[in-house]
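Heads up, the thing below is written out as structure tokens.
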Amino acid sequence: IADDGKGPKWVTNELYGRKDELKLLNSLAEEKTSSVVLLEGGEGTGKTALIEQGEWEQNDWVFVSRKFEKSLSAEPYSALKGALDHLVTIWAENNKTAAVCQMKSFLKVLQADVDLLINVIPGIFRIVEKFSYGVCFSKGRSIRDLTRSGDRHFAEEKVGGDSGAIAAAFLRLFSFLSSAKPIVLSLADIHYADASSMEILEVIAQTAATNPIKYSSHLLLAMSYRKALLEKNKFASKTIKSIENFGDNVHSLHLQDFDVDTVNQMVASLVNADPEETLPVSIVMHKKTGGNPYAISQFLRIAREKDYFTFSSMTYKWDWKDPELLDSYACISDNVAEVLASSMGKLCTATQVTLKVSSCLGKVIPKHVLVEYFKTFYEEEKGHTTCEAIIGVQEHGLEPLLDGACKTGILVKSRSEGAYMWSNDRLQEAAYDLIPAQMRNQLHKKLGMLLWRLGLQEDEEWMIFMAANQMNKYAELRCDASLGNEVAELNLQAGKLSLKKGAIYPALDLLVNAEKHMVIAGRWTNSYDLTLDILTTLAETSFKVGETDAAIEAARLVVDNGKTLNDKFRAYIVLLEGKMAQNDKSYDVGVEKTLELLELYGEKHPKKFFPGQKVVEKAKLKKMLPGGELDGLLELPDMTDETALHIQKLLVEYLAPYSMFSTKYTTLRWFACVRALKNVCKFGISPESPMAIIQLANHMIREGHYKEASEYADFALLLIERIPRTLGSNHGYVRMVASVSVYSVVRSFNKCLNELIEGRNECLRAGLARESISTIIAYGAVYLCVGLPIGAFESDLVAYLEEGKSFGAAYTVQQVMLIMRQTILNLQHYTNNPTQLSGLAMDQETELQKVEGHARKMTLRDINTHRLLLSVVFGDWSTAEAMMEALDEYVDVNDAFLLRTHFRRCYLGLAGFALSRKAKTAKARKKYLSIGKKMLKYFTTDMKLGSVNAYPIVSMLEAEESPSKEKYDKAIKACARLGLVHHEAYMCERSAGFFDDQGDDGWSEFYAGQAILLYGEWGATGKADRLTEDYSHVLTRSSLRESVNSSLQGRSRYSSKELDSLRTIDWESFSVGSELGNDDSSLL
């Protein structure tokens, strides 16, 4: 508090007036409890001091604290990246003697997250690089690359990574680091945090409060803020309100100013006197300071400087004067900064000038920036923002000046880092107020230009963001909404940096400033490139945050004023996507709008095909391929022609998918993909080329050309390796589409699982959070088809659901995971109504009320499909009949997601044959028999075309069509060979029922026992328990102890070596095969 050499130092390590709050923190420290602490209080109430006083070190916690600064509010993740940098440094230091294999293992585990965050936290690359031991990381694009004018308005400004993926990467890194030692992450002044940081903090807080991930059990997140300022930050305010509802592990502390007794306790302790003696002084002090802890400490400093308190060398005690004299001192509760700042007059001119300039540069004073600034002398600003005594000063020359400010309490110096910081925000503001008003705007401009130059030279991102902040202040002080293109250019580049970091909202604010501050008059003539770049990027960013009207307005300005079609292209894309974002979205309209854009490029596409046109187009494509083979594409260079790149994007990313879901233009999908490959032959490989090949392969699947489709898909994944892996690249998405639209047909489901896991990892590595969730949905569908233990997947779904929420996945996507989880829970547990999706995970009626329109229809379809599965497994044929009626419109539908078609048709066939014998009326029985036969014909056709996964389904349906021991045994063995334990169990159960109806207790017992054991192996213990009850009249203990592996002679578990042999099948054994003609079209 004070050290003037006139007596003992006034130092206190005690935290006054916060005993209850400190007790809570210490209990959290002792218990090593993962939790969230929210500290709200006015300025100077000791929020930071309170959290620092917790017994963290004594309980082996790692304490890391950072502060959000007002001057850096435009920089995304500013405090978070500082905290993570510090944590990784501590971890590396603590593990510097670790074995090479351990360090390599650490980096391998987190490689995807580090790759993603390199563009967010460039320093993380430098930290981990020396420990990489051969693990490769992708360096991010430098700031200088973003400012090259040569490609400014040509390259599309993609978001560097989805904010959800970035949040998850931050979480995993914090969680991993906290698994070794518990971590306290203390973040002050949340009211100045950017929106992207708040998104991450919400994810971390939810994890710390609810613990869905095991590693988070040692992470305590503490956030402090001032309520009045928080209410001005809508993102921060909304996030804090959300966090407050996360449960009992969220602790809200509200810090008030001290009462008189607490002030007296503090004063008595400092002067080492009886509290009764110091009470009159404390009463006056409380009156003057309002009980504010910071104001009290500064008031005591001033009182001691004025010799109100004196130390007697004779008695070794403190003496003080009459309290009435103390009462004559100015009130300090509201103007503590001004009182202290008045002491600047006692400092030398050089120190005063240094403090004034430093007041514009943030909480921590950047000495190297001051060195650069003071290289120039401005005569007209002498004594205010420049001084002859410090012209050409170096960092070591600045330190004595800054040390002088530390002695007066204006600055403090960090012992660990040697950095100088303002001791209080109001002191910084007071120093700024000492700058003459007429000089402030020029100071901000000079600092802005200096920081911009240094930022580009030193590749320091924070300088670019602070430069934008300085230039915006300059603009505000000039009170001119159209200041100049320098301000606009700087805001644009800072906005692009934010986009590369996935920080969309901070980027939008910067881009709005860029557009506001540029010179409006004649901008399309005098500053064409800059205007085009700002408005195009603004249109794209506005659309990404849902401000569709603003996006369309900016895009139309570009379309109306752009010089060339290529200049307008990105704006046209915004208008197209804006049209498709409307409530009355029509894929037919999307196709038509895309065709209009293609026609602008001279690309004409037929809306209808003449007979044989596909054959002609395919022949033309083969003739264009290098060497007449698809592999010849590998020899082609990269596509660089801008027009060709734009056409590729329209064909592959818009025309092909829109036509796929269109009602009038479905054939255009094939044409779009073929045309895209022709362009590849002419101009080279583009980023869209692999997806074009995958979509063409999917079309081949639908036409029955399985072998060719498989070759195309394999080649697409080979070609994608030609495309650089960057933030936003679609390697993982291509792999996912290949898996669900091609490999799920031509390969075993087991092999598809590996592809989907790798696809998800690649999506996360590229920052594509929503695409990674789509991959998980596909993975879940495959998992339920393949018969692996459902318990493991149920626990995974809990974590995936949390990811879906944090990634901002569409609620219909989250509902699919809820449906899957409740289906598994019904199989696992004995419930009264196992075919009703109501329980721990969800309630089907409640979920349906949450969606409407097309979304409700899709959710209802998924609910009914999974209820049909449960109806078949549990033998609830009345519910099965209701589900068959509900799904009647999907009997002949080939979904875009082919795996979903396989899943649904499997249970439609099983239920159809069962109901053909159990339905009440002859008409209904005939109808269901027809559906069963239709599904059998579908799978038999699929099998003949080369689908491994169709073979066991055909065996099952044939056994259900005309039951016999031989057919059930054949189906059981077919399911066993692919490891489909759930289907194997069902066939055993149906065989048991077959023999039970015939009164053959021996075989009924045998198959029922095997079914129970297999259901248990699958994890469906609820079903196994019901089956045990249903067959209690024939079961013996021996049948339930028998090994599953010996259930059938010749039965073998899944082996990858056997998969190829399954393609060779005795076709004559399948009765449906004789009904099929030789014309391929009749098979579809």
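FYI, nothing fancy with the structure tokens labels: chains A, B, ... in order, residues from 1 per chain, ligands from 1 as they appear.
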
Surrounding residues of segment 481-495 of chain A excluding itself and chain neighbours under 6 positions, 8 Å, only C-alpha atoms, as number ranges by chain:
A: 146-147, 452, 464-465, 467-468, 471-472, 475, 506-511, 513-520, 530, 534

Writing out the chosen residues with N, CA, C and O atoms as a tab-separated table (two decimals), in the first residue's frame:
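Okay, part-v4.tsv is ready:
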chain	number	residue	atom	x	y	z
A	146	LEU	N	-2.30	-11.77	-46.17
A	146	LEU	CA	-3.67	-11.26	-46.27
A	146	LEU	C	-3.73	-9.89	-46.91
A	146	LEU	O	-4.80	-9.42	-47.29
A	147	THR	N	-2.61	-9.22	-47.00
A	147	THR	CA	-2.62	-7.83	-47.47
A	147	THR	C	-2.09	-7.69	-48.88
A	147	THR	O	-1.94	-6.58	-49.37
A	452	TRP	N	0.03	-0.65	-37.49
A	452	TRP	CA	-0.24	-1.39	-38.72
A	452	TRP	C	1.08	-1.80	-39.39
A	452	TRP	O	1.27	-2.94	-39.77
A	464	ILE	N	-2.34	-5.42	-35.42
A	464	ILE	CA	-3.31	-5.09	-36.46
A	464	ILE	C	-4.65	-4.72	-35.85
A	464	ILE	O	-5.29	-3.73	-36.25
A	465	PHE	N	-5.08	-5.50	-34.86
A	465	PHE	CA	-6.37	-5.21	-34.22
A	465	PHE	C	-6.31	-3.90	-33.43
A	465	PHE	O	-7.25	-3.11	-33.45
A	467	ALA	N	-4.31	-1.46	-34.09
A	467	ALA	CA	-4.23	-0.39	-35.09
A	467	ALA	C	-5.62	0.00	-35.58
A	467	ALA	O	-5.93	1.18	-35.74
A	468	ALA	N	-6.46	-1.00	-35.83
A	468	ALA	CA	-7.83	-0.71	-36.24
A	468	ALA	C	-8.56	0.07	-35.16
A	468	ALA	O	-9.32	1.01	-35.45
A	471	MET	N	-7.38	3.69	-35.27
A	471	MET	CA	-7.91	4.43	-36.42
A	471	MET	C	-9.40	4.71	-36.26
A	471	MET	O	-9.89	5.77	-36.70
A	472	ASN	N	-10.12	3.81	-35.64
A	472	ASN	CA	-11.54	4.04	-35.41
A	472	ASN	C	-11.76	5.15	-34.38
A	472	ASN	O	-12.69	5.95	-34.49
A	475	ALA	N	-11.26	8.29	-36.17
A	475	ALA	CA	-12.44	8.62	-36.95
A	475	ALA	C	-13.54	9.22	-36.07
A	475	ALA	O	-14.21	10.18	-36.45
A	506	PRO	N	-16.84	-10.38	-34.34
A	506	PRO	CA	-15.84	-9.31	-34.35
A	506	PRO	C	-15.49	-8.87	-35.77
A	506	PRO	O	-15.29	-7.68	-36.02
A	507	ALA	N	-15.44	-9.82	-36.69
A	507	ALA	CA	-15.14	-9.48	-38.08
A	507	ALA	C	-16.22	-8.58	-38.66
A	507	ALA	O	-15.94	-7.61	-39.38
A	508	LEU	N	-17.47	-8.90	-38.35
A	508	LEU	CA	-18.58	-8.10	-38.87
A	508	LEU	C	-18.49	-6.66	-38.39
A	508	LEU	O	-18.69	-5.72	-39.16
A	509	ASP	N	-18.18	-6.46	-37.10
A	509	ASP	CA	-18.04	-5.09	-36.57
A	509	ASP	C	-16.95	-4.33	-37.32
A	509	ASP	O	-17.12	-3.15	-37.66
A	510	LEU	N	-15.83	-4.99	-37.58
A	510	LEU	CA	-14.72	-4.33	-38.28
A	510	LEU	C	-15.10	-4.01	-39.72
A	510	LEU	O	-14.75	-2.94	-40.24
A	511	LEU	N	-15.81	-4.91	-40.36
A	511	LEU	CA	-16.21	-4.68	-41.75
A	511	LEU	C	-17.24	-3.57	-41.86
A	511	LEU	O	-17.24	-2.79	-42.82
A	513	ASN	N	-17.34	-1.02	-39.85
A	513	ASN	CA	-16.53	0.19	-39.70
A	513	ASN	C	-15.80	0.52	-41.00
A	513	ASN	O	-15.65	1.68	-41.36
A	514	ALA	N	-15.31	-0.53	-41.67
A	514	ALA	CA	-14.60	-0.30	-42.93
A	514	ALA	C	-15.51	0.38	-43.94
A	514	ALA	O	-15.11	1.34	-44.62
A	515	GLU	N	-16.74	-0.09	-44.04
A	515	GLU	CA	-17.68	0.48	-45.00
A	515	GLU	C	-18.11	1.89	-44.57
A	515	GLU	O	-18.29	2.78	-45.40
A	516	LYS	N	-18.21	2.09	-43.26
A	516	LYS	CA	-18.66	3.39	-42.75
A	516	LYS	C	-17.61	4.47	-42.95
A	516	LYS	O	-17.95	5.63	-43.27
A	517	HIS	N	-16.34	4.11	-42.80
A	517	HIS	CA	-15.30	5.13	-42.80
A	517	HIS	C	-14.69	5.41	-44.18
A	517	HIS	O	-13.92	6.36	-44.33
A	518	MET	N	-15.00	4.58	-45.17
A	518	MET	CA	-14.39	4.84	-46.48
A	518	MET	C	-15.05	6.04	-47.15
A	518	MET	O	-16.17	6.44	-46.81
A	519	VAL	N	-14.34	6.63	-48.07
A	519	VAL	CA	-14.85	7.78	-48.81
A	519	VAL	C	-15.95	7.31	-49.75
A	519	VAL	O	-15.71	6.49	-50.64
A	520	ILE	N	-17.17	7.80	-49.55
A	520	ILE	CA	-18.31	7.32	-50.32
A	520	ILE	C	-18.33	7.91	-51.73
A	520	ILE	O	-18.59	7.21	-52.71
A	530	LEU	N	-10.85	-1.61	-53.40
A	530	LEU	CA	-11.16	-1.55	-51.97
A	530	LEU	C	-12.66	-1.64	-51.74
A	530	LEU	O	-13.13	-2.38	-50.87
A	534	ILE	N	-14.47	-4.69	-49.67
A	534	ILE	CA	-15.21	-4.43	-48.43
A	534	ILE	C	-16.65	-4.90	-48.54
A	534	ILE	O	-17.16	-5.64	-47.68

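Those residues that approach segment 849-859 of chain A to within 8 Å, counting only C-alpha atoms, are Thr812, Gln815, Val816, Glu845 and Ile863 of chain A; same-chain residues fewer than 4 positions away are not listed.
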
Mind dumping the selected residues with C-alpha atoms as a PDB file, in the first residue's frame?
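Saved as again08.pdb:
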ATOM      1  CA  THR A 812     -33.262 -31.592 -36.177  1.00  0.00           C
ATOM      2  CA  GLN A 815     -32.928 -34.850 -32.521  1.00  0.00           C
ATOM      3  CA  VAL A 816     -31.514 -37.694 -34.628  1.00  0.00           C
ATOM      4  CA  GLU A 845     -44.346 -36.073 -28.518  1.00  0.00           C
ATOM      5  CA  ILE A 863     -38.922 -41.526 -34.979  1.00  0.00           C
TER       6      ILE A 863
END

I'd like the contact shell of Thr207 of chain A - 12 Å cut-off, only C-alpha atoms, skipping same-chain residues fewer than 6 positions apart - returned as a tab-separated table (two decimals) with N, CA and C atoms, in the first residue's frame.
chain	number	residue	atom	x	y	z
A	34	SER	N	-14.44	-29.43	-10.16
A	34	SER	CA	-14.63	-28.70	-11.41
A	34	SER	C	-15.87	-27.83	-11.26
A	35	SER	N	-15.73	-26.55	-11.56
A	35	SER	CA	-16.85	-25.65	-11.35
A	35	SER	C	-16.61	-24.33	-12.06
A	36	VAL	N	-17.61	-23.45	-11.94
A	36	VAL	CA	-17.54	-22.11	-12.51
A	36	VAL	C	-17.80	-21.11	-11.40
A	167	ALA	N	-14.12	-23.62	-30.53
A	167	ALA	CA	-14.46	-23.75	-29.10
A	167	ALA	C	-14.13	-25.14	-28.58
A	168	ALA	N	-14.47	-26.15	-29.38
A	168	ALA	CA	-14.18	-27.53	-28.96
A	168	ALA	C	-12.69	-27.78	-28.87
A	170	PHE	N	-10.33	-25.50	-28.19
A	170	PHE	CA	-9.90	-24.85	-26.95
A	170	PHE	C	-10.23	-25.74	-25.75
A	171	LEU	N	-11.46	-26.26	-25.73
A	171	LEU	CA	-11.90	-27.08	-24.61
A	171	LEU	C	-11.02	-28.32	-24.45
A	172	ARG	N	-10.76	-28.99	-25.56
A	172	ARG	CA	-9.95	-30.22	-25.47
A	172	ARG	C	-8.54	-29.93	-24.99
A	174	PHE	N	-7.57	-27.31	-23.06
A	174	PHE	CA	-7.67	-26.99	-21.63
A	174	PHE	C	-7.92	-28.26	-20.81
A	175	SER	N	-8.81	-29.12	-21.32
A	175	SER	CA	-9.15	-30.35	-20.61
A	175	SER	C	-7.95	-31.28	-20.52
A	200	ILE	N	-16.72	-19.57	-26.75
A	200	ILE	CA	-15.80	-20.57	-26.20
A	200	ILE	C	-15.99	-20.71	-24.71
A	201	LEU	N	-16.13	-19.59	-24.02
A	201	LEU	CA	-16.29	-19.64	-22.57
A	201	LEU	C	-17.58	-20.33	-22.17
A	213	ILE	N	-17.31	-34.58	-20.06
A	213	ILE	CA	-16.05	-35.14	-20.53
A	213	ILE	C	-15.15	-35.38	-19.33
A	214	LYS	N	-14.60	-36.56	-19.23
A	214	LYS	CA	-13.88	-36.95	-18.02
A	214	LYS	C	-12.68	-36.06	-17.71
A	215	TYR	N	-12.00	-35.54	-18.76
A	215	TYR	CA	-10.80	-34.76	-18.51
A	215	TYR	C	-11.10	-33.44	-17.81
A	216	SER	N	-12.34	-32.97	-17.88
A	216	SER	CA	-12.65	-31.65	-17.36
A	216	SER	C	-12.82	-31.61	-15.86
A	217	SER	N	-12.58	-32.72	-15.17
A	217	SER	CA	-12.85	-32.80	-13.74
A	217	SER	C	-11.90	-31.95	-12.91
A	218	HIS	N	-10.88	-31.35	-13.55
A	218	HIS	CA	-9.93	-30.54	-12.80
A	218	HIS	C	-9.84	-29.12	-13.35
A	219	LEU	N	-10.92	-28.61	-13.87
A	219	LEU	CA	-10.90	-27.28	-14.47
A	219	LEU	C	-11.89	-26.37	-13.76
A	220	LEU	N	-11.38	-25.27	-13.21
A	220	LEU	CA	-12.23	-24.28	-12.57
A	220	LEU	C	-12.12	-22.98	-13.36
A	221	LEU	N	-13.24	-22.52	-13.84
A	221	LEU	CA	-13.29	-21.29	-14.64
A	221	LEU	C	-13.85	-20.16	-13.78
A	243	ILE	N	-24.88	-19.19	-18.51
A	243	ILE	CA	-23.99	-19.95	-17.61
A	243	ILE	C	-24.60	-20.06	-16.21
A	246	PHE	N	-26.50	-23.28	-15.47
A	246	PHE	CA	-25.87	-24.56	-15.73
A	246	PHE	C	-25.90	-25.52	-14.54
A	247	GLY	N	-26.38	-25.06	-13.40
A	247	GLY	CA	-26.52	-26.01	-12.30
A	247	GLY	C	-25.80	-25.60	-11.03
A	249	ASN	N	-22.99	-26.40	-9.79
A	249	ASN	CA	-21.54	-26.16	-9.83
A	249	ASN	C	-21.17	-24.78	-10.33
A	250	VAL	N	-22.17	-23.92	-10.51
A	250	VAL	CA	-21.92	-22.53	-10.86
A	250	VAL	C	-22.14	-21.68	-9.61
A	799	ALA	N	-21.69	-37.51	-25.31
A	799	ALA	CA	-20.66	-36.53	-25.65
A	799	ALA	C	-20.95	-35.88	-27.00
A	802	GLU	N	-23.48	-33.13	-26.69
A	802	GLU	CA	-22.89	-31.91	-26.16
A	802	GLU	C	-22.15	-31.17	-27.26
A	803	GLU	N	-21.42	-31.92	-28.09
A	803	GLU	CA	-20.72	-31.30	-29.21
A	803	GLU	C	-21.72	-30.63	-30.15
A	805	LYS	N	-24.61	-29.37	-29.53
A	805	LYS	CA	-25.11	-28.12	-28.95
A	805	LYS	C	-24.07	-27.02	-29.06
A	806	SER	N	-22.81	-27.34	-28.69
A	806	SER	CA	-21.76	-26.32	-28.71
A	806	SER	C	-21.42	-25.90	-30.12

Just the number, please: distance in Å from atom CA of Leu621 of chain A to atom CA of Val674 of chain A, one decimal.
7.1 Å

Go through segment 229-364 of chain A and collect every residue that DSSP, computed from the backbone, puts in helix (DSSP H, G or I); the answer should be as a ChimeraX atom specification.
/A:229-230,234-244,260-271,275-289,293-305,323-327,336-346,349-358

Would you list the contacts of Asp403 of chain A as an MDAnalysis selection string, taking every protein, DNA or RNA residue within 9 Å and counting only C-alpha atoms, but skipping same-chain residues closer than 3 positions in sequence?
chainID A and resid 398:400 406:407 411:413 420

Just to be explicit: take each residue in the selection above, keep N, CA, C and O atoms, and write the result as a PDB file, in the first residue's frame.
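Output file out-v7.pdb is given in full below:
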ATOM      1  N   LEU A 398      13.726   3.541 -21.336  1.00  0.00           N
ATOM      2  CA  LEU A 398      12.354   3.781 -20.894  1.00  0.00           C
ATOM      3  C   LEU A 398      12.107   3.269 -19.482  1.00  0.00           C
ATOM      4  O   LEU A 398      11.264   3.814 -18.752  1.00  0.00           O
ATOM      5  N   GLU A 399      12.822   2.246 -19.083  1.00  0.00           N
ATOM      6  CA  GLU A 399      12.519   1.582 -17.808  1.00  0.00           C
ATOM      7  C   GLU A 399      12.656   2.498 -16.594  1.00  0.00           C
ATOM      8  O   GLU A 399      11.799   2.472 -15.707  1.00  0.00           O
ATOM      9  N   PRO A 400      13.691   3.360 -16.496  1.00  0.00           N
ATOM     10  CA  PRO A 400      13.728   4.280 -15.347  1.00  0.00           C
ATOM     11  C   PRO A 400      12.528   5.213 -15.298  1.00  0.00           C
ATOM     12  O   PRO A 400      12.042   5.557 -14.209  1.00  0.00           O
ATOM     13  N   CYS A 406       5.880   3.723 -11.236  1.00  0.00           N
ATOM     14  CA  CYS A 406       5.540   2.630 -10.319  1.00  0.00           C
ATOM     15  C   CYS A 406       5.615   3.100  -8.869  1.00  0.00           C
ATOM     16  O   CYS A 406       4.808   2.686  -8.029  1.00  0.00           O
ATOM     17  N   LYS A 407       6.572   3.970  -8.561  1.00  0.00           N
ATOM     18  CA  LYS A 407       6.739   4.429  -7.182  1.00  0.00           C
ATOM     19  C   LYS A 407       5.559   5.267  -6.710  1.00  0.00           C
ATOM     20  O   LYS A 407       5.270   5.329  -5.513  1.00  0.00           O
ATOM     21  N   LEU A 411       1.697   2.884 -12.053  1.00  0.00           N
ATOM     22  CA  LEU A 411       1.974   1.638 -12.753  1.00  0.00           C
ATOM     23  C   LEU A 411       2.399   0.564 -11.754  1.00  0.00           C
ATOM     24  O   LEU A 411       2.791   0.873 -10.627  1.00  0.00           O
ATOM     25  N   VAL A 412       2.323  -0.661 -12.180  1.00  0.00           N
ATOM     26  CA  VAL A 412       2.895  -1.781 -11.420  1.00  0.00           C
ATOM     27  C   VAL A 412       3.750  -2.590 -12.384  1.00  0.00           C
ATOM     28  O   VAL A 412       3.521  -2.590 -13.600  1.00  0.00           O
ATOM     29  N   LYS A 413       4.732  -3.278 -11.839  1.00  0.00           N
ATOM     30  CA  LYS A 413       5.637  -4.068 -12.669  1.00  0.00           C
ATOM     31  C   LYS A 413       5.518  -5.536 -12.305  1.00  0.00           C
ATOM     32  O   LYS A 413       5.585  -5.910 -11.134  1.00  0.00           O
ATOM     33  N   TYR A 420       5.280  -3.739 -17.611  1.00  0.00           N
ATOM     34  CA  TYR A 420       4.687  -2.623 -16.882  1.00  0.00           C
ATOM     35  C   TYR A 420       3.197  -2.548 -17.229  1.00  0.00           C
ATOM     36  O   TYR A 420       2.819  -2.632 -18.407  1.00  0.00           O
TER      37      TYR A 420
END

Computed gap from atom CA of Gly502 of chain A to atom CA of Ile723 of chain A is 21.1 Å

Which residues are close to segment 346-355 of chain A, i.e. within 7 Å by only C-alpha atoms, leaving aside same-chain residues fewer than 2 positions away? Reply as a PyMOL selection string.
chain A and resi 343-344+357-359+383-387+389-390+401-402+431

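Of the listed residues (A:Gly590, A:Val393, A:Thr315, A:Leu645), A:Val393 comes nearest to Phe377 of chain A; the distances count only C-alpha atoms.
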
Atomic distance atom CA of Leu668 of chain A - atom CA of Ser586 of chain A, expressed in Å with one decimal:
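Going from atom CA of Leu668 of chain A over to atom CA of Ser586 of chain A, I get 15.7 Å.
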